[in-house]
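S.K.: Pasting a structure here, questions to come.
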Amino acid sequence: FEEPSNIVELNARSNQVVTAYTPLRTKTPLQARTPAQQNYINAIKHHNLTFGIGPAGTGKSYCAGALAAEALESGRIERIILTRPAVEAGEQLGFLPGEVEDKYAVYIDAFRDILNERLGRGVVDYCLRHGRIVGSPLAYMRGKTFNHNTFVILDEAQNTTPAQMKMFLTRIGENTKVVINGDIRQSDIRGPNGLEDAINKLQGLRGVHIHSFERGD
């Protein structure tokens, strides 16, 4: 008798991995668990660009992913783009096996669980196959423009350089909602930090909101 594996299928196009665990879908609308989460949710709903700053466990990624899922399901947006820096702790995509999608799947594992929970695994698989949900390394965003009715989430943004962050921000088109999450105190890169640099330059601009979570959240 073998213990069930904790490995889940991350790439909808591969049948080589059998899912041992998939979150049950919830049809309950997103509800904040703390006042800080409610303020963050309101900020995302009412601003084109929202920064979620703070430590892990505060719900930054979950709230953003759940709101993106609700917007896609309701038809308010046509596509979700999930991205994050793919170089962490000295490891690069080139050292991982498989195609780019396979290599990058582990980076959006958490968001895949969130989307499965909010939309259902079948819907998520369909959207991944047809480009309605896209997971891509930040480096692959160069040269692309986020078109109308797109919800973009940049996670782990504390691991961006100022040049990477500028490249990402200049991809933003009209009628695009963007959420950038990260914890400046947990950066894995040396030198200037792209998240901190962007906050310093963009705070106070119309349409931009910076929400800070504290340890107590």
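Following the order of the structure tokens, chains are lettered A, B, ..., residues in each are numbered from 1, and ligands are numbered from 1.
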Excluding A:Asp197 and any residue of its chain fewer than 6 positions from it, enumerate the residues within 9 Å of it, using only C-alpha atoms, and give them as a VMD selection string.
M.R.: chain A and resid 161 to 162 165
S.K.: Write out as an MDAnalysis selection string the residues lying within 6 Å of A:Thr83, counting only C-alpha atoms and excluding same-chain residues fewer than 4 positions away.
M.R.: chainID A and resid 135:138 154
S.K.: Can those selected residues be exported to a file as an mmCIF file, in the first residue's frame so that it contains all heavy atoms?
M.R.:
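Below you can see part-v1.cif, which holds the result:
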```
data_model
loop_
_atom_site.group_PDB
_atom_site.id
_atom_site.type_symbol
_atom_site.label_atom_id
_atom_site.label_comp_id
_atom_site.auth_asym_id
_atom_site.auth_seq_id
_atom_site.Cartn_x
_atom_site.Cartn_y
_atom_site.Cartn_z
ATOM 1 N N GLY A 135 0.037 31.446 -17.794
ATOM 2 C CA GLY A 135 1.116 31.562 -16.822
ATOM 3 C C GLY A 135 2.424 31.671 -17.564
ATOM 4 O O GLY A 135 2.754 30.799 -18.371
ATOM 5 N N SER A 136 3.169 32.732 -17.321
ATOM 6 C CA SER A 136 4.382 32.960 -18.094
ATOM 7 C C SER A 136 5.437 33.635 -17.231
ATOM 8 O O SER A 136 5.112 34.504 -16.415
ATOM 9 C CB SER A 136 4.084 33.834 -19.316
ATOM 10 O OG SER A 136 5.224 34.028 -20.102
ATOM 11 N N PRO A 137 6.713 33.253 -17.382
ATOM 12 C CA PRO A 137 7.775 33.931 -16.635
ATOM 13 C C PRO A 137 7.822 35.414 -16.982
ATOM 14 O O PRO A 137 7.491 35.809 -18.107
ATOM 15 C CB PRO A 137 9.054 33.220 -17.106
ATOM 16 C CG PRO A 137 8.592 31.918 -17.672
ATOM 17 C CD PRO A 137 7.233 32.172 -18.244
ATOM 18 N N LEU A 138 8.246 36.210 -16.040
ATOM 19 C CA LEU A 138 8.297 37.649 -16.258
ATOM 20 C C LEU A 138 9.167 37.999 -17.461
ATOM 21 O O LEU A 138 8.853 38.930 -18.211
ATOM 22 C CB LEU A 138 8.827 38.345 -15.001
ATOM 23 C CG LEU A 138 8.947 39.870 -15.069
ATOM 24 C CD1 LEU A 138 7.581 40.502 -15.320
ATOM 25 C CD2 LEU A 138 9.549 40.421 -13.778
ATOM 26 N N LEU A 154 1.231 40.053 -11.007
ATOM 27 C CA LEU A 154 2.670 39.846 -10.858
ATOM 28 C C LEU A 154 2.932 39.506 -9.398
ATOM 29 O O LEU A 154 2.749 40.342 -8.518
ATOM 30 C CB LEU A 154 3.444 41.102 -11.266
ATOM 31 C CG LEU A 154 4.949 41.123 -10.948
ATOM 32 C CD1 LEU A 154 5.670 39.951 -11.584
ATOM 33 C CD2 LEU A 154 5.570 42.447 -11.383
#
```
S.K.: Show me, as number ranges by chain, the residues that have an atom within 12 Å of A:Ala64 when counting only C-alpha atoms, minus same-chain residues fewer than 6 positions from it.
M.R.: A: 30, 32, 37-38, 40-45, 49-52, 58, 70-71, 80-82, 110-111, 114-115, 118, 151-155, 177-181
S.K.: Can you list, as a PyMOL selection string, all residues belonging to stretch 40-215 of chain A that DSSP tags as helix (DSSP H, G or I)?
M.R.: chain A and resi 40-46+60-74+93-95+100-119+121-129+138-141+157-159+162-169+184-186+194-202
S.K.: For atom CA of A:His209 and atom CA of A:Asn48, determine how far apart the two atoms are, in Å to one decimal place.
M.R.: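 For atom CA of A:His209 relative to atom CA of A:Asn48, the distance reads 8.4 Å.
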S.K.: My list of candidates is A:Arg190, A:Arg79, A:Leu195, A:Val208. Which is closest to A:Arg132 when distances are computed with only C-alpha atoms?
M.R.: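 Residue with the minimum atom-to-atom distance to A:Arg132: A:Arg79.
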